[in-house]
>>> print(open('coords.pdb').read())   # PDB, C-alpha atoms
ATOM      1  CA  MET P   1      88.319 108.707   1.324  1.00  0.00           C
ATOM      2  CA  SER P   2      90.942 107.418   3.743  1.00  0.00           C
ATOM      3  CA  SER P   3      91.633 103.723   4.128  1.00  0.00           C
ATOM      4  CA  THR P   4      90.041 103.800   7.592  1.00  0.00           C
ATOM      5  CA  GLU P   5      86.709 105.193   6.412  1.00  0.00           C
ATOM      6  CA  VAL P   6      83.835 102.795   5.853  1.00  0.00           C
ATOM      7  CA  PRO P   7      81.485 103.729   2.996  1.00  0.00           C
ATOM      8  CA  SER P   8      77.949 104.366   4.212  1.00  0.00           C
ATOM      9  CA  ARG P   9      75.246 102.064   2.948  1.00  0.00           C
ATOM     10  CA  GLU P  10      72.524 103.357   0.692  1.00  0.00           C
ATOM     11  CA  VAL P  11      69.136 104.117   2.229  1.00  0.00           C
ATOM     12  CA  ALA P  12      66.775 101.142   1.971  1.00  0.00           C
ATOM     13  CA  ARG P  13      63.662 102.431   0.191  1.00  0.00           C
ATOM     14  CA  ARG P  14      60.256 101.341   1.394  1.00  0.00           C
ATOM     15  CA  VAL P  15      58.188 100.195  -1.559  1.00  0.00           C
ATOM     16  CA  PHE P  16      55.068  98.120  -2.108  1.00  0.00           C
ATOM     17  CA  ALA P  17      55.280  94.973  -4.214  1.00  0.00           C
ATOM     18  CA  THR P  18      53.084  96.337  -6.999  1.00  0.00           C
ATOM     19  CA  GLU P  19      55.505  99.211  -7.677  1.00  0.00           C
ATOM     20  CA  PHE P  20      58.633  97.143  -7.071  1.00  0.00           C
ATOM     21  CA  ASN P  21      57.612  94.586  -9.682  1.00  0.00           C
ATOM     22  CA  ASP P  22      57.092  97.348 -12.253  1.00  0.00           C
ATOM     23  CA  ALA P  23      60.582  98.734 -11.578  1.00  0.00           C
ATOM     24  CA  THR P  24      62.634  96.876 -14.182  1.00  0.00           C
ATOM     25  CA  PHE P  25      64.883  99.735 -15.364  1.00  0.00           C
ATOM     26  CA  THR P  26      68.338  99.823 -13.746  1.00  0.00           C
ATOM     27  CA  PHE P  27      71.262 102.210 -14.136  1.00  0.00           C
ATOM     28  CA  LYS P  28      74.616 103.376 -12.762  1.00  0.00           C
ATOM     29  CA  GLU P  29      75.607 106.948 -12.038  1.00  0.00           C
ATOM     30  CA  SER P  30      79.274 106.474 -12.953  1.00  0.00           C
ATOM     31  CA  ASP P  31      81.412 104.364 -15.287  1.00  0.00           C
ATOM     32  CA  ASP P  32      83.274 102.754 -12.396  1.00  0.00           C
ATOM     33  CA  GLU P  33      82.686  99.019 -12.607  1.00  0.00           C
ATOM     34  CA  ARG P  34      82.209  98.987  -8.823  1.00  0.00           C
ATOM     35  CA  ALA P  35      79.619 101.767  -8.914  1.00  0.00           C
ATOM     36  CA  PRO P  36      76.289 100.828  -7.332  1.00  0.00           C
ATOM     37  CA  VAL P  37      73.463  99.664  -9.555  1.00  0.00           C
ATOM     38  CA  TYR P  38      70.159 101.431  -8.952  1.00  0.00           C
ATOM     39  CA  GLN P  39      66.643 100.258  -9.608  1.00  0.00           C
ATOM     40  CA  LEU P  40      64.416 103.122 -10.803  1.00  0.00           C
ATOM     41  CA  LEU P  41      61.035 103.187  -9.070  1.00  0.00           C
ATOM     42  CA  PRO P  42      58.213 104.373 -11.357  1.00  0.00           C
ATOM     43  CA  THR P  43      57.315 107.049  -8.786  1.00  0.00           C
ATOM     44  CA  GLY P  44      60.673 108.747  -9.433  1.00  0.00           C
ATOM     45  CA  GLN P  45      63.128 107.421  -6.850  1.00  0.00           C
ATOM     46  CA  LYS P  46      66.367 105.483  -7.244  1.00  0.00           C
ATOM     47  CA  ALA P  47      66.828 102.416  -5.059  1.00  0.00           C
ATOM     48  CA  ASN P  48      70.044 100.522  -4.418  1.00  0.00           C
ATOM     49  CA  ARG P  49      68.464  98.807  -1.418  1.00  0.00           C
ATOM     50  CA  VAL P  50      64.836  98.135  -0.475  1.00  0.00           C
ATOM     51  CA  PHE P  51      63.041  97.326   2.762  1.00  0.00           C
ATOM     52  CA  PHE P  52      59.705  95.548   2.936  1.00  0.00           C
ATOM     53  CA  SER P  53      57.545  93.436   5.199  1.00  0.00           C
ATOM     54  CA  GLY P  54      54.926  90.810   4.530  1.00  0.00           C
ATOM     55  CA  THR P  55      53.937  87.175   4.901  1.00  0.00           C
ATOM     56  CA  LEU P  56      56.333  84.444   3.847  1.00  0.00           C
ATOM     57  CA  THR P  57      53.875  82.097   2.142  1.00  0.00           C
ATOM     58  CA  GLU P  58      56.217  79.699   0.320  1.00  0.00           C
ATOM     59  CA  LYS P  59      59.857  78.692   0.264  1.00  0.00           C
ATOM     60  CA  GLU P  60      61.807  76.265  -1.918  1.00  0.00           C
ATOM     61  CA  ASP P  61      65.398  75.187  -2.370  1.00  0.00           C
ATOM     62  CA  VAL P  62      65.820  75.661  -6.126  1.00  0.00           C
ATOM     63  CA  GLY P  63      69.585  75.072  -6.160  1.00  0.00           C
ATOM     64  CA  GLU P  64      71.210  72.271  -8.101  1.00  0.00           C
ATOM     65  CA  ASP P  65      74.754  71.764  -6.825  1.00  0.00           C
ATOM     66  CA  ASN P  66      74.414  74.181  -3.910  1.00  0.00           C
ATOM     67  CA  GLU P  67      71.630  75.311  -1.635  1.00  0.00           C
ATOM     68  CA  TYR P  68      69.751  78.235  -3.171  1.00  0.00           C
ATOM     69  CA  TRP P  69      66.505  79.330  -1.560  1.00  0.00           C
ATOM     70  CA  ARG P  70      63.573  81.122  -3.137  1.00  0.00           C
ATOM     71  CA  GLY P  71      60.992  82.753  -0.895  1.00  0.00           C
ATOM     72  CA  ARG P  72      57.588  84.185  -1.788  1.00  0.00           C
ATOM     73  CA  ILE P  73      56.620  87.124   0.438  1.00  0.00           C
ATOM     74  CA  VAL P  74      53.224  88.780   0.085  1.00  0.00           C
ATOM     75  CA  ASP P  75      52.317  92.333   1.099  1.00  0.00           C
ATOM     76  CA  PRO P  76      48.821  93.896   0.718  1.00  0.00           C
ATOM     77  CA  THR P  77      49.512  94.834  -2.929  1.00  0.00           C
ATOM     78  CA  GLY P  78      51.344  91.860  -4.412  1.00  0.00           C
ATOM     79  CA  THR P  79      54.299  89.503  -4.168  1.00  0.00           C
ATOM     80  CA  PHE P  80      58.044  89.859  -3.669  1.00  0.00           C
ATOM     81  CA  PHE P  81      60.401  87.033  -4.591  1.00  0.00           C
ATOM     82  CA  VAL P  82      63.687  86.729  -2.705  1.00  0.00           C
ATOM     83  CA  TYR P  83      66.652  84.510  -3.565  1.00  0.00           C
ATOM     84  CA  ALA P  84      69.448  83.600  -1.130  1.00  0.00           C
ATOM     85  CA  GLY P  85      72.371  81.210  -1.439  1.00  0.00           C
ATOM     86  CA  GLN P  86      75.935  80.766  -0.240  1.00  0.00           C
ATOM     87  CA  TYR P  87      76.721  84.484  -0.548  1.00  0.00           C
ATOM     88  CA  GLN P  88      73.760  85.394   1.686  1.00  0.00           C
ATOM     89  CA  PRO P  89      74.275  82.774   4.405  1.00  0.00           C
ATOM     90  CA  GLU P  90      72.141  84.349   7.138  1.00  0.00           C
ATOM     91  CA  ALA P  91      69.209  85.011   4.820  1.00  0.00           C
ATOM     92  CA  ALA P  92      69.510  81.485   3.388  1.00  0.00           C
ATOM     93  CA  ARG P  93      69.525  80.055   6.910  1.00  0.00           C
ATOM     94  CA  MET P  94      66.350  81.959   7.769  1.00  0.00           C
ATOM     95  CA  LEU P  95      64.584  80.675   4.669  1.00  0.00           C
ATOM     96  CA  ARG P  96      65.743  77.143   5.466  1.00  0.00           C
ATOM     97  CA  GLU P  97      64.489  77.279   9.052  1.00  0.00           C
ATOM     98  CA  LEU P  98      61.288  79.312   8.750  1.00  0.00           C
ATOM     99  CA  GLU P  99      57.972  77.545   8.349  1.00  0.00           C
ATOM    100  CA  PRO P 100      55.369  79.477   6.345  1.00  0.00           C
ATOM    101  CA  PRO P 101      53.196  81.331   6.964  1.00  0.00           C
ATOM    102  CA  ALA P 102      55.281  83.840   8.925  1.00  0.00           C
ATOM    103  CA  TYR P 103      55.481  87.619   9.096  1.00  0.00           C
ATOM    104  CA  VAL P 104      58.969  88.784   8.082  1.00  0.00           C
ATOM    105  CA  SER P 105      60.817  91.971   7.244  1.00  0.00           C
ATOM    106  CA  VAL P 106      63.501  92.001   4.571  1.00  0.00           C
ATOM    107  CA  ALA P 107      66.299  94.392   3.644  1.00  0.00           C
ATOM    108  CA  GLY P 108      68.122  93.676   0.442  1.00  0.00           C
ATOM    109  CA  LYS P 109      69.307  94.549  -3.041  1.00  0.00           C
ATOM    110  CA  PRO P 110      66.895  94.717  -5.971  1.00  0.00           C
ATOM    111  CA  ARG P 111      67.822  92.600  -8.957  1.00  0.00           C
ATOM    112  CA  THR P 112      66.317  92.324 -12.420  1.00  0.00           C
ATOM    113  CA  PHE P 113      66.652  89.534 -14.944  1.00  0.00           C
ATOM    114  CA  GLU P 114      65.279  88.797 -18.369  1.00  0.00           C
ATOM    115  CA  THR P 115      63.005  85.801 -18.797  1.00  0.00           C
ATOM    116  CA  ASP P 116      62.936  83.435 -21.782  1.00  0.00           C
ATOM    117  CA  ASP P 117      60.111  85.415 -23.371  1.00  0.00           C
ATOM    118  CA  GLY P 118      62.130  88.654 -23.233  1.00  0.00           C
ATOM    119  CA  SER P 119      60.252  90.301 -20.373  1.00  0.00           C
ATOM    120  CA  LYS P 120      62.035  91.582 -17.269  1.00  0.00           C
ATOM    121  CA  THR P 121      61.342  90.520 -13.704  1.00  0.00           C
ATOM    122  CA  ALA P 122      62.399  92.126 -10.426  1.00  0.00           C
ATOM    123  CA  SER P 123      63.468  90.193  -7.345  1.00  0.00           C
ATOM    124  CA  VAL P 124      65.426  90.817  -4.136  1.00  0.00           C
ATOM    125  CA  ARG P 125      68.753  89.454  -2.923  1.00  0.00           C
ATOM    126  CA  PRO P 126      68.185  89.679   0.839  1.00  0.00           C
ATOM    127  CA  GLU P 127      70.838  91.050   3.170  1.00  0.00           C
ATOM    128  CA  SER P 128      68.723  90.200   6.192  1.00  0.00           C
ATOM    129  CA  ILE P 129      65.427  88.479   6.974  1.00  0.00           C
ATOM    130  CA  ALA P 130      63.823  88.887  10.394  1.00  0.00           C
ATOM    131  CA  VAL P 131      60.674  87.450  11.901  1.00  0.00           C
ATOM    132  CA  VAL P 132      58.307  90.229  13.029  1.00  0.00           C
ATOM    133  CA  ASP P 133      54.901  90.489  14.647  1.00  0.00           C
ATOM    134  CA  ASP P 134      51.743  91.793  13.015  1.00  0.00           C
ATOM    135  CA  SER P 135      52.099  95.240  14.610  1.00  0.00           C
ATOM    136  CA  THR P 136      55.552  95.696  13.049  1.00  0.00           C
ATOM    137  CA  ARG P 137      54.244  94.572   9.691  1.00  0.00           C
ATOM    138  CA  ASN P 138      51.305  96.993   9.984  1.00  0.00           C
ATOM    139  CA  ARG P 139      53.613  99.900  10.821  1.00  0.00           C
ATOM    140  CA  TRP P 140      55.643  99.097   7.704  1.00  0.00           C
ATOM    141  CA  VAL P 141      52.472  99.253   5.611  1.00  0.00           C
ATOM    142  CA  VAL P 142      51.610 102.685   7.022  1.00  0.00           C
ATOM    143  CA  GLU P 143      55.139 104.060   6.588  1.00  0.00           C
ATOM    144  CA  THR P 144      55.389 102.707   3.041  1.00  0.00           C
ATOM    145  CA  ALA P 145      52.031 104.251   2.170  1.00  0.00           C
ATOM    146  CA  GLU P 146      53.360 107.612   3.397  1.00  0.00           C
ATOM    147  CA  ARG P 147      56.602 107.292   1.410  1.00  0.00           C
ATOM    148  CA  THR P 148      54.736 106.284  -1.739  1.00  0.00           C
ATOM    149  CA  LEU P 149      52.372 109.261  -1.475  1.00  0.00           C
ATOM    150  CA  ASP P 150      55.364 111.561  -0.918  1.00  0.00           C
ATOM    151  CA  ARG P 151      57.066 110.278  -4.075  1.00  0.00           C
ATOM    152  CA  ILE P 152      53.896 110.711  -6.109  1.00  0.00           C
ATOM    153  CA  GLU P 153      53.476 114.267  -4.801  1.00  0.00           C
ATOM    154  CA  ARG P 154      57.066 115.188  -5.748  1.00  0.00           C
ATOM    155  CA  PHE P 155      56.947 113.517  -9.161  1.00  0.00           C
ATOM    156  CA  ASP P 156      56.080 116.666 -11.134  1.00  0.00           C
ATOM    157  CA  GLU P 157      58.744 118.855  -9.540  1.00  0.00           C
ATOM    158  CA  GLU P 158      61.058 120.217 -12.264  1.00  0.00           C
ATOM    159  CA  SER P 159      64.139 119.342 -10.224  1.00  0.00           C
ATOM    160  CA  ASN P 160      63.160 115.666  -9.917  1.00  0.00           C
ATOM    161  CA  GLU P 161      65.592 114.143 -12.438  1.00  0.00           C
ATOM    162  CA  TYR P 162      64.627 110.588 -11.516  1.00  0.00           C
ATOM    163  CA  ALA P 163      60.986 111.320 -12.321  1.00  0.00           C
ATOM    164  CA  ARG P 164      62.028 112.518 -15.772  1.00  0.00           C
ATOM    165  CA  THR P 165      63.991 109.308 -16.283  1.00  0.00           C
ATOM    166  CA  ALA P 166      60.978 107.304 -15.128  1.00  0.00           C
ATOM    167  CA  GLU P 167      58.797 109.082 -17.676  1.00  0.00           C
ATOM    168  CA  GLU P 168      61.271 108.135 -20.395  1.00  0.00           C
ATOM    169  CA  ASN P 169      61.487 104.473 -19.434  1.00  0.00           C
ATOM    170  CA  TYR P 170      58.047 103.523 -18.123  1.00  0.00           C
ATOM    171  CA  GLU P 171      54.638 103.894 -19.692  1.00  0.00           C
ATOM    172  CA  ILE P 172      53.154 104.149 -16.222  1.00  0.00           C
ATOM    173  CA  GLU P 173      51.200 106.987 -14.640  1.00  0.00           C
ATOM    174  CA  PRO P 174      52.679 107.259 -11.128  1.00  0.00           C
ATOM    175  CA  ARG P 175      49.309 108.101  -9.603  1.00  0.00           C
ATOM    176  CA  ARG P 176      48.196 104.556 -10.314  1.00  0.00           C
ATOM    177  CA  TYR P 177      50.134 103.647  -7.179  1.00  0.00           C
ATOM    178  CA  THR P 178      47.671 105.680  -5.139  1.00  0.00           C
ATOM    179  CA  GLU P 179      45.412 102.664  -5.681  1.00  0.00           C
ATOM    180  CA  ALA P 180      48.071 100.487  -4.052  1.00  0.00           C
ATOM    181  CA  VAL P 181      48.148 102.825  -1.066  1.00  0.00           C
ATOM    182  CA  VAL P 182      44.354 102.656  -0.760  1.00  0.00           C
ATOM    183  CA  SER P 183      44.420  98.852  -1.009  1.00  0.00           C
ATOM    184  CA  ALA P 184      47.181  98.577   1.582  1.00  0.00           C
ATOM    185  CA  ILE P 185      45.486 100.887   4.077  1.00  0.00           C
ATOM    186  CA  GLU P 186      42.139  99.167   3.627  1.00  0.00           C
ATOM    187  CA  SER P 187      43.816  95.847   4.387  1.00  0.00           C
ATOM    188  CA  LEU P 188      44.615  97.166   7.858  1.00  0.00           C
ATOM    189  CA  GLU P 189      41.131  98.412   8.676  1.00  0.00           C
ATOM    190  CA  GLU P 190      40.152  95.067  10.147  1.00  0.00           C
ATOM    191  CA  THR P 191      43.087  95.019  12.567  1.00  0.00           C
ATOM    192  CA  THR P 192      42.572  95.977  16.187  1.00  0.00           C
ATOM    193  CA  ASP P 193      46.038  97.399  16.784  1.00  0.00           C
ATOM    194  CA  THR P 194      45.464 100.878  18.247  1.00  0.00           C
ATOM    195  CA  ALA P 195      48.836 102.314  17.228  1.00  0.00           C
ATOM    196  CA  GLY P 196      48.355 101.057  13.717  1.00  0.00           C
ATOM    197  CA  SER P 197      44.861 102.565  13.532  1.00  0.00           C
ATOM    198  CA  ASP P 198      46.100 105.967  14.704  1.00  0.00           C
ATOM    199  CA  ALA P 199      48.901 105.924  12.149  1.00  0.00           C
ATOM    200  CA  ILE P 200      46.467 104.902   9.421  1.00  0.00           C
ATOM    201  CA  GLY P 201      44.371 107.952  10.165  1.00  0.00           C
ATOM    202  CA  THR P 202      47.409 110.207   9.962  1.00  0.00           C
ATOM    203  CA  THR P 203      48.469 108.770   6.620  1.00  0.00           C
ATOM    204  CA  TRP P 204      44.993 108.908   5.141  1.00  0.00           C
ATOM    205  CA  ASN P 205      44.532 112.549   6.133  1.00  0.00           C
ATOM    206  CA  LYS P 206      47.944 113.351   4.650  1.00  0.00           C
ATOM    207  CA  GLY P 207      47.032 111.721   1.354  1.00  0.00           C
TER
END
>>> encode(input="coords.pdb", output="structure tokens")
Amino acid sequence: MSSTEVPSREVARRVFATEFNDATFTFKESDDERAPVYQLLPTGQKANRVFFSGTLTEKEDVGEDNEYWRGRIVDPTGTFFVYAGQYQPEAARMLRELEPPAYVSVAGKPRTFETDDGSKTASVRPESIAVVDDSTRNRWVVETAERTLDRIERFDEESNEYARTAEENYEIEPRRYTEAVVSAIESLEETTDTAGSDAIGTTWNKG
């Protein structure tokens, strides 16, 4: 790579909270200390970045010496926790200024840490947080349902090396996330957004 080339960013994977919170296994694909760290989704996909949308229901400055914001963002299947401080100034500013409840979309890096009891927890270090309307949030739900179903469908392909790694590291049947898709789609059935309803029908027929 020449000095003038800018490395491309990893694709931000769309994932529901219920699967994201189960994804506590991380790995690198090279020994380079600067190599990206990937979160392994139980449906057999690596994720260096994630993209999700939901309702910001709570926020709190949990920092001691410096400002460090924690946000609780809920999608139809569960809860994401995001943490932003001085190294994520724009995301921290959004968490400081936003008043819950608010629909938001978030792109960021998955992170895992071990709790005092030895269990592992997944969270997100946000690169960006944007306020969105309910139609945008609903479209994210539909698109994420489609992506989740696609991953589940491809899980048993012999060439899917990430699925094999998921089998080795998780005692989770990937088809359990079909229930998350059903729950997410059902959560939209009460909406009156026409575009969202059309897309829901397309996704449901595909599944």
>>> residues_around(input="coords.pdb", residues="Thr24 (chain P)", least_positions_apart="2", cutoff="8 Å", atoms="only C-alpha atoms", output="list in words")
Asn21, Asp22, Thr26, Gln39, Leu40, Thr112, Lys120, Thr121 and Ala122 of chain P
>>> resolve_selection(input="coords.pdb", expression="the PyMOL selection byres ((chain P and resi 51) around 8)", output="PyMOL selection string")
chain P and resi 12-15+49-50+52-53+105-108
>>> closest_residue(input="coords.pdb", among="P:Ala130, P:Glu97, P:Arg175, P:Asp61", to="Glu153 (chain P)", atoms="all atoms listed in the file")
P:Arg175
>>> resolve_selection(input="coords.pdb", expression="the PyMOL selection byres ((chain P and resi 126) around 12)", output="JSON list (two decimals) with C-alpha atoms, in the frame of the given file")
[["chain", "number", "residue", "atom", "x", "y", "z"],
["P", 12, "ALA", "CA", 66.78, 101.14, 1.97],
["P", 49, "ARG", "CA", 68.46, 98.81, -1.42],
["P", 50, "VAL", "CA", 64.84, 98.14, -0.48],
["P", 51, "PHE", "CA", 63.04, 97.33, 2.76],
["P", 52, "PHE", "CA", 59.70, 95.55, 2.94],
["P", 69, "TRP", "CA", 66.50, 79.33, -1.56],
["P", 70, "ARG", "CA", 63.57, 81.12, -3.14],
["P", 71, "GLY", "CA", 60.99, 82.75, -0.90],
["P", 73, "ILE", "CA", 56.62, 87.12, 0.44],
["P", 80, "PHE", "CA", 58.04, 89.86, -3.67],
["P", 81, "PHE", "CA", 60.40, 87.03, -4.59],
["P", 82, "VAL", "CA", 63.69, 86.73, -2.70],
["P", 83, "TYR", "CA", 66.65, 84.51, -3.56],
["P", 84, "ALA", "CA", 69.45, 83.60, -1.13],
["P", 85, "GLY", "CA", 72.37, 81.21, -1.44],
["P", 86, "GLN", "CA", 75.94, 80.77, -0.24],
["P", 87, "TYR", "CA", 76.72, 84.48, -0.55],
["P", 88, "GLN", "CA", 73.76, 85.39, 1.69],
["P", 89, "PRO", "CA", 74.28, 82.77, 4.40],
["P", 90, "GLU", "CA", 72.14, 84.35, 7.14],
["P", 91, "ALA", "CA", 69.21, 85.01, 4.82],
["P", 92, "ALA", "CA", 69.51, 81.48, 3.39],
["P", 93, "ARG", "CA", 69.53, 80.06, 6.91],
["P", 94, "MET", "CA", 66.35, 81.96, 7.77],
["P", 95, "LEU", "CA", 64.58, 80.68, 4.67],
["P", 104, "VAL", "CA", 58.97, 88.78, 8.08],
["P", 105, "SER", "CA", 60.82, 91.97, 7.24],
["P", 106, "VAL", "CA", 63.50, 92.00, 4.57],
["P", 107, "ALA", "CA", 66.30, 94.39, 3.64],
["P", 108, "GLY", "CA", 68.12, 93.68, 0.44],
["P", 109, "LYS", "CA", 69.31, 94.55, -3.04],
["P", 110, "PRO", "CA", 66.90, 94.72, -5.97],
["P", 111, "ARG", "CA", 67.82, 92.60, -8.96],
["P", 123, "SER", "CA", 63.47, 90.19, -7.34],
["P", 124, "VAL", "CA", 65.43, 90.82, -4.14],
["P", 125, "ARG", "CA", 68.75, 89.45, -2.92],
["P", 127, "GLU", "CA", 70.84, 91.05, 3.17],
["P", 128, "SER", "CA", 68.72, 90.20, 6.19],
["P", 129, "ILE", "CA", 65.43, 88.48, 6.97],
["P", 130, "ALA", "CA", 63.82, 88.89, 10.39]]
>>> atom_distance(input="coords.pdb", atom1="CA of Leu56 (chain P)", atom2="CA of Glu189 (chain P)")
21.2 Å
>>> atom_distance(input="coords.pdb", atom1="CA of Leu188 (chain P)", atom2="CA of Trp140 (chain P)")
11.2 Å
>>> resolve_selection(input="coords.pdb", expression="the PyMOL selection byres ((chain P and resi 137) around 10)", output="list in words")
Phe52, Ser53, Gly54, Thr55, Asp75, Tyr103, Val104, Ser105, Val131, Val132, Asp133, Asp134, Ser135, Thr136, Asn138, Arg139, Trp140, Val141, Val142 and Gly196 of chain P
>>> residues_around(input="coords.pdb", residues="Thr178 (chain P)", least_positions_apart="4", cutoff="10 Å", atoms="all atoms listed in the file", output="PyMOL selection string")
chain P and resi 145+148-149+152+174+182-184+207
>>> atom_distance(input="coords.pdb", atom1="CA of Pro100 (chain P)", atom2="CA of Ser119 (chain P)")
29.2 Å
>>> closest_residue(input="coords.pdb", among="P:Arg72, P:Lys46, P:Arg154, P:Lys59", to="Phe27 (chain P)", atoms="only C-alpha atoms")
P:Lys46
>>> closest_residue(input="coords.pdb", among="P:Tyr38, P:Phe25, P:Tyr170, P:Phe155", to="Val11 (chain P)", atoms="all atoms listed in the file")
P:Tyr38
>>> build_atoms(input="coords.pdb", residues="region 47-72 of chain P", atoms="N, CA and C atoms", output="PDB file, in the coordinates of the input")
ATOM      1  N   ALA P  47      66.751 103.339  -6.190  1.00  0.00           N
ATOM      2  CA  ALA P  47      66.828 102.416  -5.059  1.00  0.00           C
ATOM      3  C   ALA P  47      67.964 101.428  -5.279  1.00  0.00           C
ATOM      4  N   ASN P  48      68.968 101.510  -4.427  1.00  0.00           N
ATOM      5  CA  ASN P  48      70.044 100.522  -4.418  1.00  0.00           C
ATOM      6  C   ASN P  48      69.751  99.426  -3.405  1.00  0.00           C
ATOM      7  N   ARG P  49      68.915  99.763  -2.427  1.00  0.00           N
ATOM      8  CA  ARG P  49      68.464  98.807  -1.418  1.00  0.00           C
ATOM      9  C   ARG P  49      66.971  99.051  -1.176  1.00  0.00           C
ATOM     10  N   VAL P  50      66.253  97.999  -0.794  1.00  0.00           N
ATOM     11  CA  VAL P  50      64.836  98.135  -0.475  1.00  0.00           C
ATOM     12  C   VAL P  50      64.557  97.479   0.873  1.00  0.00           C
ATOM     13  N   PHE P  51      63.462  97.893   1.488  1.00  0.00           N
ATOM     14  CA  PHE P  51      63.041  97.326   2.762  1.00  0.00           C
ATOM     15  C   PHE P  51      61.545  97.075   2.681  1.00  0.00           C
ATOM     16  N   PHE P  52      61.134  95.859   2.995  1.00  0.00           N
ATOM     17  CA  PHE P  52      59.705  95.548   2.936  1.00  0.00           C
ATOM     18  C   PHE P  52      59.342  94.510   3.995  1.00  0.00           C
ATOM     19  N   SER P  53      58.050  94.380   4.211  1.00  0.00           N
ATOM     20  CA  SER P  53      57.545  93.436   5.199  1.00  0.00           C
ATOM     21  C   SER P  53      56.293  92.769   4.645  1.00  0.00           C
ATOM     22  N   GLY P  54      56.093  91.523   5.013  1.00  0.00           N
ATOM     23  CA  GLY P  54      54.926  90.810   4.530  1.00  0.00           C
ATOM     24  C   GLY P  54      54.901  89.392   5.082  1.00  0.00           C
ATOM     25  N   THR P  55      54.100  88.555   4.453  1.00  0.00           N
ATOM     26  CA  THR P  55      53.937  87.175   4.901  1.00  0.00           C
ATOM     27  C   THR P  55      54.718  86.228   3.996  1.00  0.00           C
ATOM     28  N   LEU P  56      55.659  85.503   4.590  1.00  0.00           N
ATOM     29  CA  LEU P  56      56.333  84.444   3.847  1.00  0.00           C
ATOM     30  C   LEU P  56      55.330  83.319   3.652  1.00  0.00           C
ATOM     31  N   THR P  57      54.910  83.093   2.416  1.00  0.00           N
ATOM     32  CA  THR P  57      53.875  82.097   2.142  1.00  0.00           C
ATOM     33  C   THR P  57      54.432  80.804   1.571  1.00  0.00           C
ATOM     34  N   GLU P  58      55.598  80.888   0.905  1.00  0.00           N
ATOM     35  CA  GLU P  58      56.217  79.699   0.320  1.00  0.00           C
ATOM     36  C   GLU P  58      57.729  79.842   0.358  1.00  0.00           C
ATOM     37  N   LYS P  59      58.396  78.715   0.401  1.00  0.00           N
ATOM     38  CA  LYS P  59      59.857  78.692   0.264  1.00  0.00           C
ATOM     39  C   LYS P  59      60.241  77.408  -0.448  1.00  0.00           C
ATOM     40  N   GLU P  60      61.361  77.447  -1.185  1.00  0.00           N
ATOM     41  CA  GLU P  60      61.807  76.265  -1.918  1.00  0.00           C
ATOM     42  C   GLU P  60      63.297  76.365  -2.190  1.00  0.00           C
ATOM     43  N   ASP P  61      63.981  75.263  -1.994  1.00  0.00           N
ATOM     44  CA  ASP P  61      65.398  75.187  -2.370  1.00  0.00           C
ATOM     45  C   ASP P  61      65.450  74.848  -3.854  1.00  0.00           C
ATOM     46  N   VAL P  62      65.812  75.845  -4.675  1.00  0.00           N
ATOM     47  CA  VAL P  62      65.820  75.661  -6.126  1.00  0.00           C
ATOM     48  C   VAL P  62      67.230  75.440  -6.658  1.00  0.00           C
ATOM     49  N   GLY P  63      68.205  75.276  -5.749  1.00  0.00           N
ATOM     50  CA  GLY P  63      69.585  75.072  -6.160  1.00  0.00           C
ATOM     51  C   GLY P  63      69.803  73.689  -6.752  1.00  0.00           C
ATOM     52  N   GLU P  64      70.849  73.559  -7.526  1.00  0.00           N
ATOM     53  CA  GLU P  64      71.210  72.271  -8.101  1.00  0.00           C
ATOM     54  C   GLU P  64      72.403  71.680  -7.347  1.00  0.00           C
ATOM     55  N   ASP P  65      73.580  72.264  -7.537  1.00  0.00           N
ATOM     56  CA  ASP P  65      74.754  71.764  -6.825  1.00  0.00           C
ATOM     57  C   ASP P  65      74.855  72.318  -5.415  1.00  0.00           C
ATOM     58  N   ASN P  66      74.344  73.534  -5.217  1.00  0.00           N
ATOM     59  CA  ASN P  66      74.414  74.181  -3.910  1.00  0.00           C
ATOM     60  C   ASN P  66      73.022  74.646  -3.491  1.00  0.00           C
ATOM     61  N   GLU P  67      72.883  74.821  -2.192  1.00  0.00           N
ATOM     62  CA  GLU P  67      71.630  75.311  -1.635  1.00  0.00           C
ATOM     63  C   GLU P  67      71.334  76.718  -2.153  1.00  0.00           C
ATOM     64  N   TYR P  68      70.138  76.924  -2.658  1.00  0.00           N
ATOM     65  CA  TYR P  68      69.751  78.235  -3.171  1.00  0.00           C
ATOM     66  C   TYR P  68      68.246  78.381  -2.958  1.00  0.00           C
ATOM     67  N   TRP P  69      67.881  79.254  -2.003  1.00  0.00           N
ATOM     68  CA  TRP P  69      66.505  79.330  -1.560  1.00  0.00           C
ATOM     69  C   TRP P  69      65.738  80.450  -2.252  1.00  0.00           C
ATOM     70  N   ARG P  70      64.505  80.120  -2.622  1.00  0.00           N
ATOM     71  CA  ARG P  70      63.573  81.122  -3.137  1.00  0.00           C
ATOM     72  C   ARG P  70      62.429  81.254  -2.149  1.00  0.00           C
ATOM     73  N   GLY P  71      62.111  82.502  -1.791  1.00  0.00           N
ATOM     74  CA  GLY P  71      60.992  82.753  -0.895  1.00  0.00           C
ATOM     75  C   GLY P  71      59.960  83.648  -1.551  1.00  0.00           C
ATOM     76  N   ARG P  72      58.705  83.374  -1.286  1.00  0.00           N
ATOM     77  CA  ARG P  72      57.588  84.185  -1.788  1.00  0.00           C
ATOM     78  C   ARG P  72      57.007  84.945  -0.610  1.00  0.00           C
TER      79      ARG P  72
END
